[in-house]
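run_19.cif follows (mmCIF, C-alpha atoms):
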```
data_entry
loop_
_atom_site.label_atom_id
_atom_site.label_comp_id
_atom_site.auth_asym_id
_atom_site.auth_seq_id
_atom_site.Cartn_x
_atom_site.Cartn_y
_atom_site.Cartn_z
CA MET A 186 -13.38 5.48 14.22
CA ILE A 187 -9.96 4.29 13.10
CA ASP A 188 -7.07 5.69 15.12
CA THR A 189 -4.34 6.87 12.74
CA LEU A 190 -0.95 8.54 12.72
CA ARG A 191 0.23 11.07 10.16
CA THR A 192 3.90 11.26 9.23
CA PRO A 193 5.23 14.83 9.60
CA ASP A 194 5.86 16.51 6.25
CA GLU A 195 9.45 17.30 7.13
CA ARG A 196 10.26 13.60 6.99
CA PHE A 197 9.81 13.83 3.20
CA ALA A 198 12.09 16.79 2.56
CA ASP A 199 14.72 16.41 -0.16
CA LEU A 200 13.76 12.96 -1.39
CA PRO A 201 16.36 11.97 -4.01
CA GLY A 202 14.92 11.59 -7.49
CA PHE A 203 11.36 12.31 -6.35
CA PRO A 204 10.46 15.97 -7.02
CA TRP A 205 6.67 15.59 -7.32
CA ALA A 206 4.36 17.20 -4.78
CA PRO A 207 1.73 15.01 -3.11
CA HIS A 208 -2.00 15.34 -3.70
CA TYR A 209 -4.35 14.52 -0.85
CA ILE A 210 -7.93 13.30 -0.40
CA ASP A 211 -9.53 12.96 3.03
CA ASP A 212 -13.17 12.24 2.25
CA LEU A 213 -13.24 9.02 0.24
CA PRO A 214 -16.38 6.98 1.04
CA GLY A 215 -15.57 4.65 3.92
CA TYR A 216 -12.34 6.52 4.71
CA GLU A 217 -13.69 9.88 5.84
CA GLY A 218 -11.16 11.74 7.96
CA MET A 219 -8.26 9.60 6.77
CA ARG A 220 -5.88 11.40 4.45
CA ALA A 221 -4.75 9.48 1.37
CA ALA A 222 -1.73 10.65 -0.61
CA ARG A 223 -0.84 10.17 -4.23
CA ILE A 224 1.48 11.44 -6.92
CA ASP A 225 -0.66 12.79 -9.74
CA GLU A 226 1.26 14.25 -12.66
CA GLY A 227 0.63 14.93 -16.33
CA PRO A 228 -2.37 16.31 -18.22
CA ARG A 229 -5.74 15.54 -16.65
CA ASP A 230 -7.12 14.92 -20.13
CA ALA A 231 -4.25 12.68 -21.23
CA GLU A 232 -5.18 9.77 -23.46
CA GLN A 233 -3.28 7.30 -21.27
CA VAL A 234 -3.34 7.06 -17.45
CA PHE A 235 -0.66 4.98 -15.74
CA LEU A 236 -1.91 3.80 -12.34
CA CYS A 237 1.13 2.62 -10.39
CA LEU A 238 0.43 0.49 -7.32
CA HIS A 239 3.22 -0.21 -4.86
CA GLY A 240 3.54 -3.13 -2.48
CA GLU A 241 5.03 -4.17 0.85
CA PRO A 242 6.77 -2.38 2.57
CA SER A 243 7.37 0.38 0.01
CA TRP A 244 5.45 3.43 -1.18
CA SER A 245 5.05 5.46 -4.37
CA TYR A 246 8.74 6.45 -4.11
CA LEU A 247 9.42 3.02 -5.62
CA TYR A 248 8.14 4.29 -8.99
CA ARG A 249 10.46 7.31 -9.25
CA ARG A 250 12.52 5.69 -12.06
CA MET A 251 9.42 4.87 -14.13
CA ILE A 252 7.29 8.00 -13.64
CA PRO A 253 9.47 10.29 -15.81
CA VAL A 254 9.38 7.85 -18.72
CA PHE A 255 5.60 7.62 -18.58
CA LEU A 256 5.26 11.40 -18.29
CA ASP A 257 7.53 11.95 -21.28
CA SER A 258 5.06 9.95 -23.37
CA GLY A 259 2.39 12.56 -22.65
CA ALA A 260 0.50 10.40 -20.18
CA ARG A 261 -0.96 11.11 -16.77
CA VAL A 262 0.63 9.17 -13.91
CA VAL A 263 -1.19 8.41 -10.66
CA ALA A 264 0.82 6.65 -7.95
CA PRO A 265 -1.12 6.34 -4.69
CA ASP A 266 0.25 5.44 -1.28
CA PHE A 267 -1.81 2.73 0.38
CA PHE A 268 -2.98 3.55 3.90
CA GLY A 269 -0.20 2.63 6.30
CA PHE A 270 2.48 3.57 3.78
CA GLY A 271 4.19 6.63 2.33
CA ARG A 272 2.47 9.93 2.99
CA SER A 273 -0.95 8.38 3.57
CA ASP A 274 -2.31 8.15 7.11
CA LYS A 275 -1.39 5.05 9.10
CA PRO A 276 -3.90 3.13 11.22
CA VAL A 277 -2.13 2.14 14.41
CA ARG A 278 -3.95 -1.18 15.00
CA GLN A 279 -3.16 -4.21 12.88
CA GLU A 280 -6.79 -5.32 13.01
CA ASP A 281 -7.86 -2.20 11.10
CA TYR A 282 -6.08 -3.50 8.00
CA SER A 283 -7.68 -6.06 5.70
CA PHE A 284 -7.72 -7.11 2.07
CA ASP A 285 -10.96 -5.20 1.51
CA PHE A 286 -9.64 -2.14 3.38
CA HIS A 287 -6.86 -1.78 0.82
CA ARG A 288 -8.82 -2.90 -2.24
CA ASN A 289 -11.83 -0.68 -1.58
CA TYR A 290 -9.52 2.31 -1.17
CA ILE A 291 -8.11 1.88 -4.68
CA ILE A 292 -11.60 1.37 -6.12
CA ALA A 293 -12.86 4.51 -4.37
CA LEU A 294 -9.85 6.49 -5.59
CA ILE A 295 -10.30 5.39 -9.22
CA GLU A 296 -13.96 6.33 -9.08
CA ARG A 297 -13.32 9.68 -7.37
CA LEU A 298 -10.68 10.66 -9.93
CA ASP A 299 -12.78 9.12 -12.73
CA LEU A 300 -9.71 7.44 -14.19
CA THR A 301 -10.24 5.79 -17.57
CA ASN A 302 -8.02 4.15 -20.18
CA ILE A 303 -5.84 2.94 -17.34
CA THR A 304 -2.54 1.20 -17.81
CA LEU A 305 -2.40 -0.82 -14.60
CA VAL A 306 1.18 -1.02 -13.30
CA VAL A 307 1.59 -3.50 -10.46
CA GLN A 308 4.14 -5.31 -8.32
CA ASP A 309 3.95 -7.25 -5.03
CA TRP A 310 0.77 -6.23 -3.11
CA GLY A 311 0.10 -3.76 -5.90
CA GLY A 312 -0.62 -6.85 -7.98
CA LEU A 313 -2.44 -8.79 -5.27
CA ILE A 314 -4.85 -5.86 -5.07
CA GLY A 315 -4.57 -4.48 -8.60
CA LEU A 316 -5.11 -7.73 -10.45
CA THR A 317 -8.44 -8.18 -8.64
CA LEU A 318 -9.75 -4.75 -9.71
CA PRO A 319 -11.44 -6.00 -12.91
CA VAL A 320 -13.66 -8.19 -10.73
CA ALA A 321 -15.43 -4.93 -9.82
CA GLU A 322 -17.83 -4.14 -12.66
CA SER A 323 -17.38 -0.39 -12.14
CA ILE A 324 -13.62 -0.72 -12.69
CA ARG A 325 -13.33 -3.38 -15.42
CA PRO A 326 -14.04 -1.11 -18.42
CA ARG A 327 -11.58 1.49 -17.13
CA ILE A 328 -8.55 -0.82 -17.47
CA ALA A 329 -7.01 -0.87 -20.94
CA ARG A 330 -3.45 -2.22 -20.51
CA LEU A 331 -1.31 -4.06 -17.98
CA ILE A 332 2.30 -3.86 -16.83
CA VAL A 333 2.99 -6.61 -14.31
CA MET A 334 6.15 -7.22 -12.27
CA ASN A 335 7.10 -9.72 -9.52
CA THR A 336 3.69 -10.37 -8.04
CA GLY A 337 0.90 -12.91 -8.01
CA ILE A 338 -2.82 -13.44 -7.55
CA GLY A 339 -3.93 -14.66 -4.14
CA THR A 340 -6.30 -17.58 -4.72
CA GLY A 341 -5.89 -19.39 -1.39
CA GLN A 342 -2.58 -21.16 -1.93
CA SER A 343 0.72 -20.46 -0.20
CA PRO A 344 3.49 -18.93 -2.33
CA GLY A 345 5.96 -21.21 -0.56
CA ALA A 346 8.27 -21.52 2.42
CA GLY A 347 10.14 -18.32 1.65
CA PHE A 348 6.98 -16.28 1.84
CA MET A 349 5.82 -17.96 5.05
CA ALA A 350 9.16 -17.16 6.68
CA TRP A 351 8.81 -13.53 5.60
CA LYS A 352 5.26 -13.34 6.98
CA ASN A 353 6.35 -14.70 10.34
CA TYR A 354 9.32 -12.36 10.47
CA ALA A 355 7.18 -9.30 9.70
CA LEU A 356 4.58 -10.18 12.33
CA SER A 357 7.19 -10.81 15.01
CA THR A 358 9.27 -7.70 14.32
CA PRO A 359 7.47 -4.55 15.52
CA ASP A 360 10.17 -2.16 14.30
CA LEU A 361 10.70 -3.52 10.80
CA PRO A 362 13.91 -2.17 9.22
CA ILE A 363 12.09 -0.98 6.10
CA GLY A 364 14.93 0.68 4.23
CA ALA A 365 17.35 -2.12 5.00
CA LEU A 366 14.85 -4.75 3.83
CA ILE A 367 14.43 -3.02 0.48
CA ALA A 368 18.17 -2.45 0.11
CA ARG A 369 18.93 -6.12 0.74
CA GLY A 370 18.02 -7.11 -2.81
CA THR A 371 18.75 -3.72 -4.35
CA PRO A 372 22.48 -3.15 -3.88
CA HIS A 373 22.68 -0.01 -6.00
CA LEU A 374 20.55 2.08 -3.61
CA THR A 375 22.33 5.04 -2.05
CA PRO A 376 22.08 5.81 1.69
CA ALA A 377 19.77 8.73 0.85
CA GLU A 378 17.45 6.44 -1.15
CA ILE A 379 17.38 3.92 1.67
CA ALA A 380 16.49 6.76 4.04
CA ALA A 381 13.61 7.74 1.72
CA TYR A 382 12.08 4.29 2.24
CA ASP A 383 12.39 4.81 6.01
CA ALA A 384 10.93 8.33 5.83
CA PRO A 385 7.26 7.37 6.36
CA TYR A 386 8.04 5.81 9.75
CA PRO A 387 9.32 8.07 12.56
CA ASP A 388 9.10 5.09 14.94
CA ALA A 389 7.67 1.59 15.25
CA SER A 390 4.17 2.84 16.10
CA TYR A 391 3.72 3.83 12.45
CA LYS A 392 4.53 0.35 11.13
CA ALA A 393 1.40 -1.69 11.91
CA GLY A 394 0.44 -1.78 8.23
CA ALA A 395 3.87 -2.96 7.15
CA GLN A 396 3.89 -5.60 9.89
CA VAL A 397 0.53 -7.11 9.07
CA TRP A 398 0.33 -6.85 5.27
CA PRO A 399 2.13 -10.16 4.58
CA ALA A 400 -0.31 -11.92 6.92
CA LEU A 401 -3.21 -10.70 4.76
CA VAL A 402 -2.02 -12.52 1.62
CA PRO A 403 -4.79 -15.05 0.84
CA VAL A 404 -2.88 -18.29 1.46
CA ASP A 405 -5.99 -20.23 2.52
CA PRO A 406 -9.09 -20.68 0.34
CA ASP A 407 -11.32 -19.17 3.02
CA MET A 408 -9.23 -16.05 3.64
CA ALA A 409 -10.52 -12.63 2.66
CA GLY A 410 -9.47 -11.83 -0.89
CA ALA A 411 -9.14 -15.43 -2.08
CA ALA A 412 -12.52 -15.37 -3.83
CA TYR A 413 -11.53 -12.14 -5.58
CA GLY A 414 -8.31 -13.84 -6.63
CA ARG A 415 -10.09 -16.82 -8.13
CA ALA A 416 -12.47 -14.52 -10.00
CA ALA A 417 -9.46 -12.49 -11.17
CA VAL A 418 -7.77 -15.60 -12.60
CA ALA A 419 -10.95 -16.36 -14.53
CA PHE A 420 -11.02 -12.80 -15.90
CA TRP A 421 -7.37 -12.51 -16.91
CA SER A 422 -7.22 -15.99 -18.42
CA THR A 423 -10.46 -15.95 -20.43
CA GLN A 424 -11.81 -12.40 -20.81
CA TRP A 425 -8.80 -10.10 -20.96
CA ASP A 426 -7.96 -8.95 -24.48
CA GLY A 427 -5.82 -5.86 -23.90
CA PRO A 428 -2.07 -5.30 -24.34
CA CYS A 429 0.16 -6.66 -21.60
CA PHE A 430 3.82 -6.34 -20.66
CA MET A 431 5.64 -8.38 -18.02
CA ALA A 432 9.02 -7.74 -16.41
CA VAL A 433 10.67 -10.07 -13.93
CA GLY A 434 13.51 -9.48 -11.52
CA ASP A 435 15.20 -12.85 -11.77
CA ALA A 436 16.89 -12.66 -8.36
CA ASP A 437 13.62 -12.45 -6.42
CA PRO A 438 13.58 -15.52 -4.11
CA VAL A 439 9.82 -15.40 -3.44
CA LEU A 440 8.11 -14.03 -6.56
CA GLY A 441 10.76 -14.70 -9.17
CA PRO A 442 10.75 -16.49 -12.55
CA PRO A 443 8.85 -19.68 -11.55
CA GLN A 444 6.04 -17.76 -9.87
CA MET A 445 5.87 -15.23 -12.68
CA ALA A 446 5.73 -18.00 -15.28
CA ALA A 447 2.70 -19.38 -13.45
CA LEU A 448 1.10 -15.93 -13.41
CA ARG A 449 1.85 -15.41 -17.10
CA ALA A 450 0.01 -18.63 -17.90
CA ASN A 451 -3.09 -17.06 -16.36
CA ILE A 452 -2.93 -13.78 -18.33
CA ARG A 453 -4.36 -14.20 -21.79
CA GLY A 454 -1.97 -12.95 -24.47
CA CYS A 455 0.85 -12.07 -22.08
CA PRO A 456 4.13 -12.12 -24.05
CA GLU A 457 7.49 -13.47 -22.93
CA PRO A 458 8.72 -11.34 -20.03
CA LEU A 459 11.60 -8.92 -19.96
CA MET A 460 14.06 -10.57 -17.59
CA ILE A 461 16.03 -8.15 -15.42
CA LYS A 462 19.23 -10.03 -14.67
CA GLY A 463 20.13 -9.55 -11.02
CA GLY A 464 16.89 -7.68 -10.44
CA GLY A 465 15.51 -8.21 -6.98
CA HIS A 466 11.96 -8.22 -5.70
CA PHE A 467 11.67 -4.42 -5.91
CA VAL A 468 12.28 -4.52 -9.62
CA GLN A 469 11.02 -0.95 -10.13
CA GLU A 470 14.49 0.04 -8.96
CA TRP A 471 15.49 -1.07 -12.46
CA GLY A 472 12.41 0.76 -13.68
CA GLU A 473 13.67 3.07 -16.41
CA GLU A 474 14.60 0.09 -18.57
CA ILE A 475 11.26 -1.56 -17.83
CA ALA A 476 9.21 1.55 -18.55
CA ARG A 477 10.97 2.22 -21.85
CA ALA A 478 10.56 -1.38 -22.95
CA ALA A 479 6.88 -1.37 -21.98
CA LEU A 480 6.22 1.82 -23.92
CA ALA A 481 8.00 0.40 -26.95
CA HIS A 482 5.86 -2.71 -26.68
CA PHE A 483 2.74 -0.51 -26.55
CA GLY A 484 3.80 1.48 -29.60
CA GLY A 485 5.46 4.39 -27.82
CA ARG A 486 2.66 5.71 -25.64
#
```

Write out the structure in this file as structure tokens.
Amino acid sequence: MIDTLRTPDERFADLPGFPWAPHYIDDLPGYEGMRAARIDEGPRDAEQVFLCLHGEPSWSYLYRRMIPVFLDSGARVVAPDFFGFGRSDKPVRQEDYSFDFHRNYIIALIERLDLTNITLVVQDWGGLIGLTLPVAESIRPRIARLIVMNTGIGTGQSPGAGFMAWKNYALSTPDLPIGALIARGTPHLTPAEIAAYDAPYPDASYKAGAQVWPALVPVDPDMAGAAYGRAAVAFWSTQWDGPCFMAVGDADPVLGPPQMAALRANIRGCPEPLMIKGGGHFVQEWGEEIARAALAHFGGR
């Protein structure tokens, strides 16, 4: 039995720019008794489904500037909170988190909701997990398009010294200043928006997932997830034939233009990226421009 904490609902009152009510599931296979939260808006029979996966240490709030654009196209938008983040329950022990723990949750959610014709929208850990989803045969035919931002595929190599410093900082800092970390590269955030990123965490005991997630990035060939990453590179580089759109925050010191150029080389047919000048790691905070450009690239829907 995994010991979890649940953030009180009142912590999420009056979130700026985020009017959508959460939807909950507490009986996913392998996660029984743990409540998973998601934003789920738009027609259930919509032709297009945008599946928006957040990363570290954010939550679905990060997509608030993109969700309205996708909804206006007539699509359904599903933006889950990973366990340990947002409104989802938070295991209190770092050892309860793993690459498979997060990946299997997204697979189970896709299957439970029977999502098809998915436009996969990923950034940071959303990409580390999301880009491995086609390795699962049950998920591969469900993914039709890709929007990829400031992320990578974990194949067993280190992203560099900047990432290693971040990993060590996160592990050694029990009470991570979540809102301040996100605001550091996103200067236009208001105090209320910064507070919304802090909302999931009443105190440090809720932050085990945020502390440990960087340490789970497959930086060694034998780490969990690295084999999925290598299989994902093979898929995206040789088998993928769907539409793709890439946006890059050019001020990201860890997963910026050089790293995204390397990722683009491994995605068959990926066009030149939209460069967001001054855009930091959390490039969804420039998301309205990205979403509109992606829709235009896809023909308006």

Determine, counting all atoms listed in the file, which protein, DNA and RNA residues have an atom within 12 Å of an atom of Thr317 of chain A; residues of the same chain fewer than 6 positions away are not included. Present the result as a PyMOL selection string. chain A and resi 284-285+287-289+291-292+305+307+310-311+324-325+328+337-340+410-421

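Proximity ranking of A:Ser243, A:Ser273, A:Thr371, A:Ser258 relative to Asp194 of chain A places A:Ser273 first, based on only C-alpha atoms.
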
Using the chain letters and numbers from the file, give me the residues hit by the PyMOL selection byres ((chain A and resi 485) around 12), as a list in words.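 Here the PyMOL selection byres ((chain A and resi 485) around 12) matches Gln233, Val254, Phe255, Leu256, Asp257, Ser258, Gly259, Ala260, Ala476, Arg477, Ala478, Ala479, Leu480, Ala481, His482, Phe483, Gly484 and Arg486 of chain A.
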
Of the listed residues A:Val333, A:Met251, A:Ala432, A:Ala221, that which approaches Gly465 of chain A most closely, counting all atoms listed in the file: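 Closest residue, counting all atoms listed in the file: A:Ala432.
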
Selection in question (the file shown): the PyMOL selection byres ((chain A and resi 277) around 12). Which residues does it include, as a list in words?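 Checking the PyMOL selection byres ((chain A and resi 277) around 12) against this file, the residues are Met186, Ile187, Asp188, Thr189, Leu190, Arg191, Phe268, Gly269, Phe270, Asp274, Lys275, Pro276, Arg278, Gln279, Glu280, Asp281, Tyr282, Pro359, Tyr386, Asp388, Ala389, Ser390, Tyr391, Lys392, Ala393, Gly394, Ala395, Gln396 and Val397 of chain A.
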
Rounded to one decimal, what separation in Å do you get between atom CA of Met460 of chain A and atom CA of Val439 of chain A? 15.5 Å

Pick out the residues sitting within 12 Å of Ile295 of chain A, and hand them over as number ranges by chain; count all atoms listed in the file, and ignore anything fewer than 2 positions along from it in its own chain. A: 213, 223, 234-238, 263-265, 288-293, 297-303, 305, 315, 318, 321, 323-328

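Across the structure, atom CA of Glu474 of chain A and atom CA of Pro362 of chain A are spaced 27.9 Å apart.
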
Hey, can you check how far atom CA of Phe430 of chain A sits from atom CA of Val262 of chain A? 17.2 Å

If we count all atoms listed in the file and set the cut-off at 10 Å, which residues sit around Pro201 of chain A, ignoring sequence neighbours fewer than 2 positions away in its own chain? Please answer as a PDB file with C-alpha atoms, keeping the file's coordinate frame.
```pdb
ATOM      1  CA  PHE A 197       9.810  13.830   3.200  1.00  0.00           C
ATOM      2  CA  ALA A 198      12.090  16.790   2.560  1.00  0.00           C
ATOM      3  CA  ASP A 199      14.720  16.410  -0.160  1.00  0.00           C
ATOM      4  CA  PHE A 203      11.360  12.310  -6.350  1.00  0.00           C
ATOM      5  CA  PRO A 204      10.460  15.970  -7.020  1.00  0.00           C
ATOM      6  CA  TYR A 246       8.740   6.450  -4.110  1.00  0.00           C
ATOM      7  CA  ARG A 249      10.460   7.310  -9.250  1.00  0.00           C
ATOM      8  CA  THR A 375      22.330   5.040  -2.050  1.00  0.00           C
ATOM      9  CA  ALA A 377      19.770   8.730   0.850  1.00  0.00           C
ATOM     10  CA  GLU A 378      17.450   6.440  -1.150  1.00  0.00           C
ATOM     11  CA  ILE A 379      17.380   3.920   1.670  1.00  0.00           C
ATOM     12  CA  ALA A 380      16.490   6.760   4.040  1.00  0.00           C
ATOM     13  CA  ALA A 381      13.610   7.740   1.720  1.00  0.00           C
TER      14      ALA A 381
END
```

Hey, which of A:Leu366, A:Met445, A:Pro372, A:Ala400 ends up closest to Pro242 of chain A? Count all atoms listed in the file.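 The closest residue to Pro242 of chain A is A:Leu366.
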
Pick the closest to Arg272 of chain A from A:Ala384, A:Leu200, A:Gln308, A:Lys352: which is it, counting all atoms listed in the file?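 Going through A:Ala384, A:Leu200, A:Gln308, A:Lys352 one by one, the smallest distance to Arg272 of chain A is for A:Ala384.
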
If we count only C-alpha atoms, what is near Gly271 of chain A at a cut-off of 6 Å, once residues fewer than 5 positions away on the same chain are taken out, given as a ChimeraX atom specification? /A:244,266,385

Could segment 188-213 of chain A be completed with N, CA and C atoms and returned as a tab-separated table (two decimals), keeping the file's coordinate frame?
```tsv
chain	number	residue	atom	x	y	z
A	188	ASP	N	-8.14	4.86	14.56
A	188	ASP	CA	-7.07	5.69	15.12
A	188	ASP	C	-5.88	5.65	14.17
A	189	THR	N	-5.43	6.81	13.72
A	189	THR	CA	-4.34	6.87	12.74
A	189	THR	C	-3.23	7.80	13.20
A	190	LEU	N	-2.08	7.63	12.59
A	190	LEU	CA	-0.95	8.54	12.72
A	190	LEU	C	-0.67	9.16	11.36
A	191	ARG	N	-0.13	10.37	11.39
A	191	ARG	CA	0.23	11.07	10.16
A	191	ARG	C	1.70	11.44	10.21
A	192	THR	N	2.47	10.96	9.26
A	192	THR	CA	3.90	11.26	9.23
A	192	THR	C	4.12	12.75	8.99
A	193	PRO	N	4.94	13.41	9.81
A	193	PRO	CA	5.23	14.83	9.60
A	193	PRO	C	5.82	15.08	8.21
A	194	ASP	N	5.41	16.19	7.60
A	194	ASP	CA	5.86	16.51	6.25
A	194	ASP	C	7.37	16.62	6.14
A	195	GLU	N	8.00	17.09	7.22
A	195	GLU	CA	9.45	17.30	7.13
A	195	GLU	C	10.22	16.00	6.94
A	196	ARG	N	9.59	14.88	7.22
A	196	ARG	CA	10.26	13.60	6.99
A	196	ARG	C	10.49	13.36	5.50
A	197	PHE	N	9.73	14.06	4.65
A	197	PHE	CA	9.81	13.83	3.20
A	197	PHE	C	10.55	14.95	2.47
A	198	ALA	N	11.31	15.72	3.20
A	198	ALA	CA	12.09	16.79	2.56
A	198	ALA	C	13.27	16.20	1.79
A	199	ASP	N	13.52	16.74	0.61
A	199	ASP	CA	14.72	16.41	-0.16
A	199	ASP	C	14.83	14.93	-0.49
A	200	LEU	N	13.73	14.36	-0.97
A	200	LEU	CA	13.76	12.96	-1.39
A	200	LEU	C	14.52	12.84	-2.71
A	201	PRO	N	15.57	12.04	-2.78
A	201	PRO	CA	16.36	11.97	-4.01
A	201	PRO	C	15.56	11.36	-5.16
A	202	GLY	N	15.56	12.09	-6.28
A	202	GLY	CA	14.92	11.59	-7.49
A	202	GLY	C	13.41	11.60	-7.46
A	203	PHE	N	12.81	12.36	-6.53
A	203	PHE	CA	11.36	12.31	-6.35
A	203	PHE	C	10.84	13.73	-6.11
A	204	PRO	N	10.78	14.55	-7.18
A	204	PRO	CA	10.46	15.97	-7.02
A	204	PRO	C	8.97	16.29	-6.96
A	205	TRP	N	8.09	15.30	-7.11
A	205	TRP	CA	6.67	15.59	-7.32
A	205	TRP	C	5.96	15.83	-5.99
A	206	ALA	N	5.11	16.84	-5.99
A	206	ALA	CA	4.36	17.20	-4.78
A	206	ALA	C	3.19	16.23	-4.59
A	207	PRO	N	2.86	15.91	-3.35
A	207	PRO	CA	1.73	15.01	-3.11
A	207	PRO	C	0.39	15.70	-3.31
A	208	HIS	N	-0.60	14.92	-3.66
A	208	HIS	CA	-2.00	15.34	-3.70
A	208	HIS	C	-2.74	14.53	-2.65
A	209	TYR	N	-3.68	15.18	-1.96
A	209	TYR	CA	-4.35	14.52	-0.85
A	209	TYR	C	-5.86	14.48	-1.04
A	210	ILE	N	-6.48	13.42	-0.50
A	210	ILE	CA	-7.93	13.30	-0.40
A	210	ILE	C	-8.23	12.79	1.00
A	211	ASP	N	-9.20	13.41	1.68
A	211	ASP	CA	-9.53	12.96	3.03
A	211	ASP	C	-11.02	12.66	3.22
A	212	ASP	N	-11.74	12.49	2.11
A	212	ASP	CA	-13.17	12.24	2.25
A	212	ASP	C	-13.66	11.12	1.32
A	213	LEU	N	-12.79	10.15	1.04
A	213	LEU	CA	-13.24	9.02	0.24
A	213	LEU	C	-14.30	8.24	1.01
```
